[in-house]
file structure-v3.tsv (TSV, C-alpha atoms and all ligand atoms)
chain	number	residue	atom	x	y	z
A	26	MET	CA	192.60	55.55	-97.90
A	27	GLU	CA	189.11	55.39	-99.43
A	28	ILE	CA	187.15	52.15	-99.47
A	29	ASN	CA	184.72	51.27	-102.26
A	30	TYR	CA	185.70	54.37	-104.19
A	31	PRO	CA	184.13	55.04	-107.64
A	32	LEU	CA	186.79	54.65	-110.31
A	33	ASP	CA	184.85	56.94	-112.66
A	34	ARG	CA	186.21	59.85	-110.56
A	35	LEU	CA	189.77	58.84	-111.40
A	36	ASN	CA	189.79	59.01	-115.18
A	37	THR	CA	188.91	61.47	-117.92
A	38	TRP	CA	186.45	59.02	-119.55
A	39	LYS	CA	184.44	58.98	-116.31
A	40	ILE	CA	184.00	55.21	-116.57
A	41	GLY	CA	184.57	52.39	-114.07
A	42	GLY	CA	183.01	50.61	-111.09
A	43	PRO	CA	184.13	50.70	-107.46
A	44	ALA	CA	187.74	50.21	-106.41
A	45	GLU	CA	188.13	48.08	-103.29
A	46	ALA	CA	190.59	50.64	-101.89
A	47	VAL	CA	192.18	53.79	-103.25
A	48	TYR	CA	195.22	55.49	-101.78
A	49	TRP	CA	197.02	58.71	-102.73
A	50	PRO	CA	200.68	58.30	-101.58
A	51	GLN	CA	202.03	61.53	-100.11
A	52	SER	CA	205.69	60.86	-100.88
A	53	ILE	CA	207.88	58.46	-102.81
A	54	VAL	CA	208.81	56.69	-99.55
A	55	ASP	CA	205.09	56.37	-98.71
A	56	LEU	CA	204.47	54.86	-102.17
A	57	SER	CA	207.29	52.34	-101.85
A	58	ILE	CA	206.11	51.26	-98.36
A	59	VAL	CA	202.55	50.67	-99.59
A	60	TRP	CA	203.92	48.82	-102.61
A	61	GLN	CA	206.09	46.53	-100.43
A	62	ARG	CA	203.21	45.81	-98.01
A	63	ALA	CA	200.83	45.00	-100.87
A	64	GLN	CA	203.44	42.74	-102.47
A	65	ALA	CA	204.05	40.91	-99.18
A	66	ALA	CA	200.29	40.42	-98.65
A	67	LYS	CA	199.83	39.40	-102.32
A	68	THR	CA	197.25	42.17	-102.70
A	69	PRO	CA	196.57	43.23	-106.31
A	70	ILE	CA	197.95	46.70	-106.91
A	71	TRP	CA	197.21	49.22	-109.68
A	72	LEU	CA	198.76	52.58	-110.50
A	73	ILE	CA	196.91	55.55	-111.94
A	74	GLY	CA	198.23	58.98	-112.78
A	75	ARG	CA	195.67	61.48	-114.07
A	76	GLY	CA	193.66	58.70	-115.75
A	77	SER	CA	193.75	60.37	-119.17
A	78	ASN	CA	194.76	57.31	-121.15
A	79	LEU	CA	192.98	54.61	-119.28
A	80	LEU	CA	189.84	52.47	-119.45
A	81	LEU	CA	188.79	51.12	-116.06
A	82	PRO	CA	186.52	48.08	-115.68
A	83	ASP	CA	182.79	48.26	-114.91
A	84	GLU	CA	183.31	45.57	-112.26
A	85	GLY	CA	185.77	47.82	-110.42
A	86	LEU	CA	189.24	46.81	-109.21
A	87	PRO	CA	190.19	44.48	-106.37
A	88	GLY	CA	193.07	45.25	-104.01
A	89	ILE	CA	194.60	48.67	-103.84
A	90	THR	CA	194.57	51.39	-106.46
A	91	LEU	CA	197.32	53.97	-106.04
A	92	VAL	CA	196.92	57.44	-107.51
A	93	THR	CA	200.04	59.56	-107.99
A	94	THR	CA	198.38	62.99	-108.00
A	95	SER	CA	199.76	63.99	-104.58
A	96	LEU	CA	203.35	63.31	-105.70
A	97	CYS	CA	203.90	66.85	-106.88
A	98	ALA	CA	207.24	68.04	-105.48
A	99	ILE	CA	209.18	70.14	-107.97
A	100	GLU	CA	212.66	71.64	-107.89
A	101	TRP	CA	213.74	74.13	-110.55
A	102	SER	CA	217.34	74.53	-111.76
A	103	GLU	CA	218.80	76.44	-114.72
A	104	TYR	CA	217.03	75.03	-117.82
A	105	SER	CA	216.07	71.85	-115.99
A	106	VAL	CA	213.59	70.55	-113.46
A	107	GLN	CA	213.32	67.62	-111.06
A	108	VAL	CA	209.64	66.79	-110.79
A	109	GLU	CA	207.58	64.05	-109.15
A	110	ALA	CA	205.36	61.73	-111.16
A	111	GLY	CA	201.96	63.20	-110.23
A	112	TYR	CA	202.65	66.74	-111.43
A	113	THR	CA	200.33	67.74	-114.28
A	114	LEU	CA	202.17	67.78	-117.59
A	115	ALA	CA	200.07	70.65	-119.00
A	116	ARG	CA	200.86	72.80	-115.94
A	117	LEU	CA	204.56	71.98	-116.15
A	118	SER	CA	204.52	72.84	-119.84
A	119	GLN	CA	202.95	76.25	-119.10
A	120	GLU	CA	205.43	76.98	-116.27
A	121	VAL	CA	208.41	76.00	-118.43
A	122	GLY	CA	207.09	78.24	-121.23
A	123	GLU	CA	206.56	81.18	-118.83
A	124	ARG	CA	210.27	80.97	-118.00
A	125	GLY	CA	211.10	81.30	-121.69
A	126	TRP	CA	212.43	77.74	-121.83
A	127	SER	CA	211.71	75.66	-124.91
A	128	GLY	CA	210.99	71.92	-125.13
A	129	LEU	CA	207.50	71.29	-123.74
A	130	GLU	CA	205.44	73.36	-126.19
A	131	PHE	CA	203.96	70.14	-127.57
A	132	ALA	CA	202.65	69.12	-124.14
A	133	ARG	CA	200.44	72.09	-123.21
A	134	GLY	CA	197.23	70.27	-124.16
A	135	ILE	CA	198.10	66.79	-122.86
A	136	PRO	CA	196.09	66.22	-119.67
A	137	GLY	CA	198.25	63.45	-118.14
A	138	SER	CA	200.74	63.32	-115.29
A	139	VAL	CA	204.48	63.63	-115.80
A	140	GLY	CA	204.90	59.94	-114.78
A	141	GLY	CA	202.25	58.74	-117.22
A	142	ALA	CA	203.71	60.94	-119.97
A	143	VAL	CA	207.23	59.56	-119.44
A	144	MET	CA	205.93	55.98	-119.42
A	145	MET	CA	203.91	56.56	-122.61
A	146	ASN	CA	206.59	58.77	-124.16
A	147	ALA	CA	203.67	61.12	-124.77
A	148	GLY	CA	203.97	63.29	-127.84
A	149	ALA	CA	202.17	65.70	-130.15
A	150	HIS	CA	202.78	68.46	-132.72
A	151	GLY	CA	206.15	66.86	-133.65
A	152	GLY	CA	207.48	66.77	-130.07
A	153	GLU	CA	207.72	64.04	-127.42
A	154	MET	CA	208.97	63.46	-123.89
A	155	ALA	CA	212.07	61.37	-124.67
A	156	PRO	CA	214.46	64.18	-125.75
A	157	ARG	CA	213.67	66.11	-122.55
A	158	ILE	CA	214.70	63.33	-120.18
A	159	ILE	CA	217.97	63.53	-118.26
A	160	SER	CA	217.08	60.79	-115.78
A	161	ILE	CA	214.14	58.90	-114.33
A	162	THR	CA	213.67	57.77	-110.74
A	163	ALA	CA	211.66	54.55	-110.66
A	164	LEU	CA	210.18	52.12	-108.16
A	165	TRP	CA	211.08	48.54	-109.08
A	166	ALA	CA	209.18	45.31	-108.42
A	167	ASP	CA	211.47	44.49	-105.46
A	168	GLY	CA	210.47	47.76	-103.77
A	169	THR	CA	213.74	49.61	-104.41
A	170	VAL	CA	213.81	53.13	-105.80
A	171	LYS	CA	216.56	53.65	-108.38
A	172	LYS	CA	217.62	56.45	-110.68
A	173	LEU	CA	218.32	55.67	-114.34
A	174	GLU	CA	220.11	57.97	-116.77
A	175	ARG	CA	218.73	58.67	-120.24
A	176	ALA	CA	221.34	56.34	-121.78
A	177	ASP	CA	219.99	53.40	-119.74
A	178	LEU	CA	216.51	53.81	-121.24
A	179	GLU	CA	214.95	53.14	-124.61
A	180	PHE	CA	212.14	55.20	-126.07
A	181	GLY	CA	210.01	54.78	-129.18
A	182	TYR	CA	206.59	55.77	-130.45
A	183	ARG	CA	204.49	55.79	-127.23
A	184	PHE	CA	207.06	53.41	-125.74
A	185	CYS	CA	209.47	53.49	-122.81
A	186	SER	CA	211.53	50.43	-121.85
A	187	LEU	CA	210.48	50.81	-118.19
A	188	ARG	CA	206.88	49.88	-119.06
A	189	GLY	CA	205.79	46.77	-117.18
A	190	ASN	CA	209.05	46.70	-115.20
A	191	ALA	CA	208.91	49.71	-112.91
A	192	TRP	CA	206.88	52.77	-111.98
A	193	VAL	CA	208.14	56.27	-112.65
A	194	VAL	CA	208.21	58.24	-109.39
A	195	ALA	CA	210.11	61.31	-110.61
A	196	ALA	CA	211.91	62.64	-113.65
A	197	GLN	CA	214.64	65.14	-114.36
A	198	LEU	CA	213.91	67.05	-117.55
A	199	GLU	CA	215.96	69.54	-119.55
A	200	PHE	CA	215.05	72.48	-121.78
A	201	SER	CA	216.75	75.00	-124.01
A	202	PRO	CA	216.69	78.79	-123.97
A	203	GLY	CA	213.94	80.23	-126.17
A	204	ASP	CA	211.80	83.27	-126.84
A	205	ARG	CA	209.08	83.43	-124.19
A	206	GLU	CA	206.46	85.10	-126.40
A	207	GLN	CA	207.06	82.69	-129.27
A	208	ILE	CA	206.87	79.68	-126.96
A	209	LEU	CA	203.63	80.85	-125.35
A	210	SER	CA	202.05	81.66	-128.69
A	211	ARG	CA	203.02	78.22	-130.07
A	212	MET	CA	201.30	76.66	-127.05
A	213	LYS	CA	198.21	78.75	-127.66
A	214	GLU	CA	198.17	77.65	-131.31
A	215	ASN	CA	198.49	74.00	-130.24
A	216	LEU	CA	195.59	74.42	-127.81
A	217	ASN	CA	193.45	76.07	-130.50
A	218	THR	CA	194.19	73.24	-132.95
A	219	ARG	CA	193.06	70.75	-130.32
A	220	ALA	CA	189.87	72.65	-129.54
A	221	VAL	CA	188.99	72.56	-133.24
A	222	ASN	CA	189.96	68.93	-133.93
A	223	GLN	CA	189.25	67.09	-130.68
A	224	PRO	CA	185.92	66.45	-128.89
A	225	LEU	CA	187.04	68.15	-125.67
A	226	GLU	CA	183.44	68.93	-124.68
A	227	LYS	CA	182.76	65.26	-123.82
A	228	PRO	CA	184.63	62.82	-121.55
A	229	ASN	CA	187.28	60.96	-123.57
A	230	ALA	CA	190.74	59.44	-123.21
A	231	GLY	CA	192.60	60.93	-126.15
A	232	SER	CA	193.57	58.72	-129.09
A	233	ILE	CA	192.26	55.17	-128.85
A	234	PHE	CA	194.61	53.54	-131.35
A	235	ARG	CA	198.27	54.03	-132.13
A	236	ASN	CA	198.95	55.27	-135.64
A	237	PRO	CA	200.13	52.39	-137.84
A	238	PRO	CA	203.47	53.05	-139.61
A	239	GLY	CA	203.03	55.67	-142.35
A	240	ASP	CA	199.29	56.14	-141.75
A	241	SER	CA	196.84	57.61	-139.28
A	242	ALA	CA	194.40	55.51	-137.25
A	243	GLY	CA	191.86	58.36	-137.43
A	244	ARG	CA	192.01	58.42	-141.24
A	245	LEU	CA	191.46	54.65	-141.50
A	246	ILE	CA	188.55	54.67	-139.03
A	247	GLU	CA	186.91	57.65	-140.72
A	248	THR	CA	187.33	56.10	-144.18
A	249	ALA	CA	185.73	52.90	-142.90
A	250	GLY	CA	182.65	54.95	-141.93
A	251	TRP	CA	182.86	54.79	-138.13
A	252	LYS	CA	182.49	58.48	-137.29
A	253	GLY	CA	179.43	58.98	-135.07
A	254	LYS	CA	178.76	55.22	-134.60
A	255	ARG	CA	177.54	54.27	-131.11
A	256	MET	CA	177.49	51.27	-128.85
A	257	GLY	CA	175.55	51.90	-125.65
A	258	GLY	CA	176.76	55.20	-124.21
A	259	ALA	CA	180.04	55.19	-126.14
A	260	GLN	CA	180.38	56.90	-129.50
A	261	VAL	CA	183.11	57.36	-132.09
A	262	SER	CA	183.55	61.13	-132.14
A	263	ASP	CA	182.07	63.09	-135.05
A	264	LYS	CA	185.04	65.45	-134.81
A	265	HIS	CA	187.93	62.95	-134.68
A	266	ALA	CA	187.48	59.28	-135.56
A	267	ASN	CA	190.31	58.13	-133.27
A	268	PHE	CA	188.43	59.42	-130.20
A	269	ILE	CA	185.62	57.59	-128.40
A	270	VAL	CA	183.46	59.83	-126.24
A	271	ASN	CA	181.25	59.04	-123.27
A	272	ASN	CA	177.75	60.38	-123.92
A	273	GLY	CA	177.00	60.29	-120.21
A	274	ASP	CA	176.24	56.70	-119.39
A	275	ALA	CA	178.97	54.78	-121.23
A	276	LYS	CA	180.30	51.58	-119.69
A	277	ALA	CA	183.72	50.06	-120.23
A	278	LYS	CA	181.97	47.20	-122.04
A	279	ASP	CA	180.52	49.69	-124.59
A	280	VAL	CA	183.96	51.15	-125.27
A	281	LEU	CA	185.52	47.68	-125.54
A	282	ALA	CA	182.79	46.54	-127.94
A	283	LEU	CA	183.47	49.57	-130.18
A	284	ILE	CA	187.23	49.00	-130.04
A	285	GLU	CA	186.82	45.31	-130.97
A	286	ALA	CA	184.39	46.04	-133.81
A	287	ILE	CA	186.61	48.80	-135.25
A	288	THR	CA	189.72	46.62	-134.99
A	289	ARG	CA	187.99	43.77	-136.88
A	290	ASP	CA	186.62	46.09	-139.54
A	291	ILE	CA	189.93	47.88	-140.21
A	292	GLN	CA	191.69	44.51	-140.42
A	293	SER	CA	189.21	43.23	-142.97
A	294	LYS	CA	189.02	46.45	-145.04
A	295	PHE	CA	192.69	47.49	-145.04
A	296	GLY	CA	194.63	44.43	-143.76
A	297	ILE	CA	195.97	46.57	-140.89
A	298	LYS	CA	195.77	45.38	-137.28
A	299	LEU	CA	195.28	48.49	-135.15
A	300	GLN	CA	196.86	48.45	-131.69
A	301	THR	CA	195.33	50.37	-128.81
A	302	GLU	CA	197.17	53.28	-127.24
A	303	VAL	CA	194.75	53.45	-124.30
A	304	ALA	CA	195.59	51.16	-121.36
A	305	TYR	CA	192.93	48.82	-119.94
A	306	PHE	CA	193.10	47.44	-116.40
A	307	LYS	CA	191.52	44.08	-115.95
A	308	GLU	CA	192.02	41.32	-113.46
A	309	ALA	CA	194.61	38.82	-114.67
B	401	LIG	C1	191.88	65.18	-124.53
B	401	LIG	C2	193.14	64.33	-124.49
B	401	LIG	C3	194.18	64.61	-125.34
B	401	LIG	C4	195.36	63.82	-125.32
B	401	LIG	N1	196.36	64.14	-126.16
B	401	LIG	C5	197.49	63.38	-126.15
B	401	LIG	C6	198.58	63.69	-127.04
B	401	LIG	O1	198.52	64.63	-127.81
B	401	LIG	N2	199.67	62.90	-126.98
B	401	LIG	C7	199.78	61.85	-126.13
B	401	LIG	O2	200.83	61.19	-126.11
B	401	LIG	N3	198.78	61.54	-125.29
B	401	LIG	C8	197.64	62.27	-125.27
B	401	LIG	N4	196.61	61.95	-124.42
B	401	LIG	C9	196.71	60.76	-123.56
B	401	LIG	C10	197.30	60.99	-122.17
B	401	LIG	O3	197.06	62.32	-121.70
B	401	LIG	C11	198.78	60.68	-122.11
B	401	LIG	O4	199.05	59.37	-122.57
B	401	LIG	C12	199.32	60.81	-120.68
B	401	LIG	O5	200.70	60.74	-120.74
B	401	LIG	C13	198.80	59.74	-119.73
B	401	LIG	O6	199.16	60.10	-118.41
B	401	LIG	P1	198.21	59.78	-117.17
B	401	LIG	O7	198.87	60.25	-115.96
B	401	LIG	O8	196.85	60.31	-117.43
B	401	LIG	O9	198.22	58.18	-117.24
B	401	LIG	P2	197.02	57.24	-116.80
B	401	LIG	O10	195.91	57.34	-117.78
B	401	LIG	O11	196.70	57.44	-115.37
B	401	LIG	O12	197.72	55.81	-116.99
B	401	LIG	C14	198.00	55.30	-118.29
B	401	LIG	C15	198.96	54.11	-118.14
B	401	LIG	O13	200.20	54.60	-117.65
B	401	LIG	C16	200.51	53.98	-116.41
B	401	LIG	N5	201.11	54.98	-115.52
B	401	LIG	C17	200.57	56.15	-115.08
B	401	LIG	N6	201.45	56.78	-114.29
B	401	LIG	C18	202.53	56.01	-114.23
B	401	LIG	C19	203.78	56.11	-113.55
B	401	LIG	N7	204.07	57.15	-112.77
B	401	LIG	N8	204.68	55.10	-113.69
B	401	LIG	C20	204.37	54.03	-114.45
B	401	LIG	N9	203.24	53.87	-115.13
B	401	LIG	C21	202.33	54.85	-115.02
B	401	LIG	C22	199.20	53.46	-115.85
B	401	LIG	O14	199.43	52.36	-114.97
B	401	LIG	C23	198.48	53.06	-117.12
B	401	LIG	O15	198.93	51.81	-117.57
B	401	LIG	C24	195.44	62.72	-124.42
B	401	LIG	C25	194.37	62.44	-123.56
B	401	LIG	C26	193.23	63.22	-123.58
B	401	LIG	C27	192.10	62.91	-122.64

call {"tool": "encode", "arguments": {"input": "structure-v3.tsv", "output": "structure tokens"}}
result
Amino acid sequence: MEINYPLDRLNTWKIGGPAEAVYWPQSIVDLSIVWQRAQAAKTPIWLIGRGSNLLLPDEGLPGITLVTTSLCAIEWSEYSVQVEAGYTLARLSQEVGERGWSGLEFARGIPGSVGGAVMMNAGAHGGEMAPRIISITALWADGTVKKLERADLEFGYRFCSLRGNAWVVAAQLEFSPGDREQILSRMKENLNTRAVNQPLEKPNAGSIFRNPPGDSAGRLIETAGWKGKRMGGAQVSDKHANFIVNNGDAKAKDVLALIEAITRDIQSKFGIKLQTEVAYFKEA
């Protein structure tokens, strides 16, 4: 357990004040015990994976912040895997590809955890997590850990029906036989496309806004003239208008101010209300 721990070390944007306490559970049982104790003591509790889709407050977080990155147990079977929530999705994608199994090519460049990716139904390059899921093991608000089959869950665009109800602690994923060289070269292509189109050289949190139906948030924001615009240390990327980068000293308030201004502007110019994809933790 770390006390007064800087949240900017726990997310890819490198933003956020001090967390009152941060804990890295070492097992699912450990996580559920901490969860139950915090619930009983009415301590605020927050869950972070790899912090790659998350804005954390400048004021920091009260209570206990749990980070899943030590939950990394993995068990391989024929064309499937049982993997804990903290495992890195990009690493899993590479390992699945090395085996010549197809299904996670889309995920090679997504820097989140498996748990975060399941919860967001992360996707790219025409693929997403949902079709890979056999079952999910989740920690529920009453402290129980339960396994749900694919048929018990609903998925949509960056949506999983567990969101807000439970935490993903592990997932069982399935793949299909493929050609190893083709799979690895598709991954390489996907990585190259990202390097060209995304501002990976500066701290960021991936896409800020969800794409509205039939359109792209990046296209709307670029058309409205936001590329390169700054507020404090935060800047709309010159490379990709749906990314906000940290120029080194960005605060959460700078990012929020940009998000609010862009949302208002797109609403007034195009009549479209953009919704954020990035999560924001703030005290209720
Ligand atoms: C450069 C870059 C490129 C990206 N490209 C893509 C992309 O192509 N496609 C895409 O979908 N995303 C993309 N992302 C966003 C991000 O990587 C994914 O959304 C990822 O799935 C988030 O996982 P995480 O562990 O980082 O979640 P975090 O950022 O840690 O958390 C995000 C939210 O999920 C919740 N959460 C985290 N873990 C769990 C869990 N185990 N159970 C329940 N809730 C949980 C958190 O409480 C929070 O609300 C990109 C991000 C970056 C920085």

call {"tool": "residues_near_point", "arguments": {"input": "structure-v3.tsv", "point": "(177.8, 54.5, -132.1)", "cutoff": "12 Å", "atoms": "all atoms listed in the file", "output": "PyMOL selection string"}}
result
chain A and resi 250-263+266+268-272+275+279-280+282-284+286-287

call {"tool": "residues_around", "arguments": {"input": "structure-v3.tsv", "residues": "Asn29 in chain A", "least_positions_apart": "5", "cutoff": "10 Å", "atoms": "only C-alpha atoms", "output": "MDAnalysis selection string"}}
result
chainID A and resid 42:47 85:87

call {"tool": "atom_distance", "arguments": {"input": "structure-v3.tsv", "atom1": "CA of Ile70 in chain A", "atom2": "CA of Lys227 in chain A"}}
result
29.3 Å

call {"tool": "closest_atom_pairs", "arguments": {"input": "structure-v3.tsv", "of": "chain A", "to": "ligand LIG 401 (chain B)", "cutoff": "7 Å", "atoms": "all atoms listed in the file", "output": "tab-separated table"}}
result
residue	atom	partner	partner_atom	distance
A:Asn36	CA	B:LIG401	O10	6.9
A:Thr37	CA	B:LIG401	C27	5.9
A:Trp71	CA	B:LIG401	O14	6.5
A:Leu72	CA	B:LIG401	O14	4.5
A:Ile73	CA	B:LIG401	O11	3.9
A:Gly74	CA	B:LIG401	O11	3.4
A:Arg75	CA	B:LIG401	O8	3.7
A:Gly76	CA	B:LIG401	O11	3.3
A:Ser77	CA	B:LIG401	O8	3.6
A:Asn78	CA	B:LIG401	O10	3.6
A:Leu79	CA	B:LIG401	O10	4.3
A:Thr93	CA	B:LIG401	N7	6.7
A:Ala110	CA	B:LIG401	N7	5.0
A:Gly111	CA	B:LIG401	N7	6.9
A:Gly134	CA	B:LIG401	N1	6.5
A:Ile135	CA	B:LIG401	N1	4.6
A:Pro136	CA	B:LIG401	O3	4.5
A:Gly137	CA	B:LIG401	O6	3.5
A:Ser138	CA	B:LIG401	O7	3.7
A:Val139	CA	B:LIG401	O7	6.6
A:Gly140	CA	B:LIG401	N7	3.5
A:Gly141	CA	B:LIG401	O6	3.6
A:Ala142	CA	B:LIG401	O5	3.1
A:Val143	CA	B:LIG401	O5	6.8
A:Met144	CA	B:LIG401	N9	5.5
A:Met145	CA	B:LIG401	O5	5.6
A:Asn146	CA	B:LIG401	O2	6.5
A:Ala147	CA	B:LIG401	O2	3.1
A:Gly148	CA	B:LIG401	O2	4.2
A:Ala149	CA	B:LIG401	O1	4.5
A:Arg183	CA	B:LIG401	O2	6.6
A:Arg188	CA	B:LIG401	N9	6.7
A:Ala191	CA	B:LIG401	C20	6.5
A:Trp192	CA	B:LIG401	N8	3.6
A:Val193	CA	B:LIG401	N8	3.8
A:Val194	CA	B:LIG401	N7	5.5
A:Gln223	CA	B:LIG401	C1	7.0
A:Leu225	CA	B:LIG401	C1	5.8
A:Asn229	CA	B:LIG401	C27	5.3
A:Ala230	CA	B:LIG401	C27	3.8
A:Gly231	CA	B:LIG401	C25	3.5
A:Ser232	CA	B:LIG401	C24	6.4
A:Ala304	CA	B:LIG401	O15	5.1

call {"tool": "write_last_selection", "arguments": {"input": "structure-v3.tsv", "atoms": "C-alpha atoms", "output": "compact mmCIF listing (two decimals), keeping the file's coordinate frame"}}
result
# COMPACT_ATOMS: atom_id res chain seq x y z
CA ASN A 36 189.79 59.01 -115.18
CA THR A 37 188.91 61.47 -117.92
CA TRP A 71 197.21 49.22 -109.68
CA LEU A 72 198.76 52.58 -110.50
CA ILE A 73 196.91 55.55 -111.94
CA GLY A 74 198.23 58.98 -112.78
CA ARG A 75 195.67 61.48 -114.07
CA GLY A 76 193.66 58.70 -115.75
CA SER A 77 193.75 60.37 -119.17
CA ASN A 78 194.76 57.31 -121.15
CA LEU A 79 192.98 54.61 -119.28
CA THR A 93 200.04 59.56 -107.99
CA ALA A 110 205.36 61.73 -111.16
CA GLY A 111 201.96 63.20 -110.23
CA GLY A 134 197.23 70.27 -124.16
CA ILE A 135 198.10 66.79 -122.86
CA PRO A 136 196.09 66.22 -119.67
CA GLY A 137 198.25 63.45 -118.14
CA SER A 138 200.74 63.32 -115.29
CA VAL A 139 204.48 63.63 -115.80
CA GLY A 140 204.90 59.94 -114.78
CA GLY A 141 202.25 58.74 -117.22
CA ALA A 142 203.71 60.94 -119.97
CA VAL A 143 207.23 59.56 -119.44
CA MET A 144 205.93 55.98 -119.42
CA MET A 145 203.91 56.56 -122.61
CA ASN A 146 206.59 58.77 -124.16
CA ALA A 147 203.67 61.12 -124.77
CA GLY A 148 203.97 63.29 -127.84
CA ALA A 149 202.17 65.70 -130.15
CA ARG A 183 204.49 55.79 -127.23
CA ARG A 188 206.88 49.88 -119.06
CA ALA A 191 208.91 49.71 -112.91
CA TRP A 192 206.88 52.77 -111.98
CA VAL A 193 208.14 56.27 -112.65
CA VAL A 194 208.21 58.24 -109.39
CA GLN A 223 189.25 67.09 -130.68
CA LEU A 225 187.04 68.15 -125.67
CA ASN A 229 187.28 60.96 -123.57
CA ALA A 230 190.74 59.44 -123.21
CA GLY A 231 192.60 60.93 -126.15
CA SER A 232 193.57 58.72 -129.09
CA ALA A 304 195.59 51.16 -121.36

call {"tool": "closest_residue", "arguments": {"input": "structure-v3.tsv", "among": "A:Glu179, A:Asp83, A:Glu100, A:Glu199", "to": "Leu129 in chain A", "atoms": "all atoms listed in the file"}}
result
A:Glu199

call {"tool": "residues_around", "arguments": {"input": "structure-v3.tsv", "residues": "Phe131 in chain A", "least_positions_apart": "5", "cutoff": "12 Å", "atoms": "only C-alpha atoms", "output": "mmCIF file with C-alpha atoms, in the coordinates of the input"}}
result
data_model
loop_
_atom_site.group_PDB
_atom_site.id
_atom_site.type_symbol
_atom_site.label_atom_id
_atom_site.label_comp_id
_atom_site.auth_asym_id
_atom_site.auth_seq_id
_atom_site.Cartn_x
_atom_site.Cartn_y
_atom_site.Cartn_z
ATOM 1 C CA LEU A 114 202.170 67.780 -117.590
ATOM 2 C CA ALA A 115 200.070 70.650 -119.000
ATOM 3 C CA LEU A 117 204.560 71.980 -116.150
ATOM 4 C CA SER A 118 204.520 72.840 -119.840
ATOM 5 C CA GLN A 119 202.950 76.250 -119.100
ATOM 6 C CA VAL A 121 208.410 76.000 -118.430
ATOM 7 C CA GLY A 122 207.090 78.240 -121.230
ATOM 8 C CA PRO A 136 196.090 66.220 -119.670
ATOM 9 C CA ALA A 142 203.710 60.940 -119.970
ATOM 10 C CA ALA A 147 203.670 61.120 -124.770
ATOM 11 C CA GLY A 148 203.970 63.290 -127.840
ATOM 12 C CA ALA A 149 202.170 65.700 -130.150
ATOM 13 C CA HIS A 150 202.780 68.460 -132.720
ATOM 14 C CA GLY A 151 206.150 66.860 -133.650
ATOM 15 C CA GLY A 152 207.480 66.770 -130.070
ATOM 16 C CA GLU A 153 207.720 64.040 -127.420
ATOM 17 C CA MET A 154 208.970 63.460 -123.890
ATOM 18 C CA ARG A 157 213.670 66.110 -122.550
ATOM 19 C CA ILE A 208 206.870 79.680 -126.960
ATOM 20 C CA LEU A 209 203.630 80.850 -125.350
ATOM 21 C CA SER A 210 202.050 81.660 -128.690
ATOM 22 C CA ARG A 211 203.020 78.220 -130.070
ATOM 23 C CA MET A 212 201.300 76.660 -127.050
ATOM 24 C CA LYS A 213 198.210 78.750 -127.660
ATOM 25 C CA GLU A 214 198.170 77.650 -131.310
ATOM 26 C CA ASN A 215 198.490 74.000 -130.240
ATOM 27 C CA LEU A 216 195.590 74.420 -127.810
ATOM 28 C CA THR A 218 194.190 73.240 -132.950
ATOM 29 C CA ARG A 219 193.060 70.750 -130.320
#

call {"tool": "closest_residue", "arguments": {"input": "structure-v3.tsv", "among": "A:Ile291, A:Leu35, A:Ala132, A:Leu56", "to": "Val170 in chain A", "atoms": "all atoms listed in the file"}}
result
A:Leu56

call {"tool": "atom_distance", "arguments": {"input": "structure-v3.tsv", "atom1": "CA of Gly181 in chain A", "atom2": "CA of Gly239 in chain A"}}
result
14.9 Å

call {"tool": "atom_distance", "arguments": {"input": "structure-v3.tsv", "atom1": "CA of Lys298 in chain A", "atom2": "CA of Leu187 in chain A"}}
result
24.7 Å

call {"tool": "closest_residue", "arguments": {"input": "structure-v3.tsv", "among": "A:Glu302, A:Asp55, A:Glu247, A:Leu80", "to": "Leu164 in chain A", "atoms": "all atoms listed in the file"}}
result
A:Asp55

call {"tool": "decode", "arguments": {"input": "structure-v3.tsv", "residues": "range 295-300 of chain A", "atoms": "N, CA, C and O atoms", "output": "PDB file, in the first residue's frame"}}
result
ATOM      1  N   PHE A 295     -22.675  21.540 -35.780  1.00  0.00           N
ATOM      2  CA  PHE A 295     -23.201  20.375 -36.512  1.00  0.00           C
ATOM      3  C   PHE A 295     -24.475  19.791 -35.885  1.00  0.00           C
ATOM      4  O   PHE A 295     -25.024  18.822 -36.395  1.00  0.00           O
ATOM      5  N   GLY A 296     -24.882  20.322 -34.724  1.00  0.00           N
ATOM      6  CA  GLY A 296     -26.083  19.775 -34.051  1.00  0.00           C
ATOM      7  C   GLY A 296     -25.844  18.371 -33.507  1.00  0.00           C
ATOM      8  O   GLY A 296     -26.785  17.607 -33.307  1.00  0.00           O
ATOM      9  N   ILE A 297     -24.561  18.022 -33.280  1.00  0.00           N
ATOM     10  CA  ILE A 297     -24.248  16.670 -32.771  1.00  0.00           C
ATOM     11  C   ILE A 297     -23.646  16.798 -31.376  1.00  0.00           C
ATOM     12  O   ILE A 297     -22.704  17.576 -31.172  1.00  0.00           O
ATOM     13  N   LYS A 298     -24.220  16.046 -30.418  1.00  0.00           N
ATOM     14  CA  LYS A 298     -23.671  16.114 -29.053  1.00  0.00           C
ATOM     15  C   LYS A 298     -22.657  14.978 -28.877  1.00  0.00           C
ATOM     16  O   LYS A 298     -23.028  13.811 -28.775  1.00  0.00           O
ATOM     17  N   LEU A 299     -21.386  15.340 -28.889  1.00  0.00           N
ATOM     18  CA  LEU A 299     -20.341  14.311 -28.738  1.00  0.00           C
ATOM     19  C   LEU A 299     -20.352  13.760 -27.310  1.00  0.00           C
ATOM     20  O   LEU A 299     -20.569  14.502 -26.353  1.00  0.00           O
ATOM     21  N   GLN A 300     -20.111  12.465 -27.193  1.00  0.00           N
ATOM     22  CA  GLN A 300     -20.019  11.818 -25.877  1.00  0.00           C
ATOM     23  C   GLN A 300     -18.573  11.386 -25.673  1.00  0.00           C
ATOM     24  O   GLN A 300     -17.951  10.868 -26.603  1.00  0.00           O
TER      25      GLN A 300
END
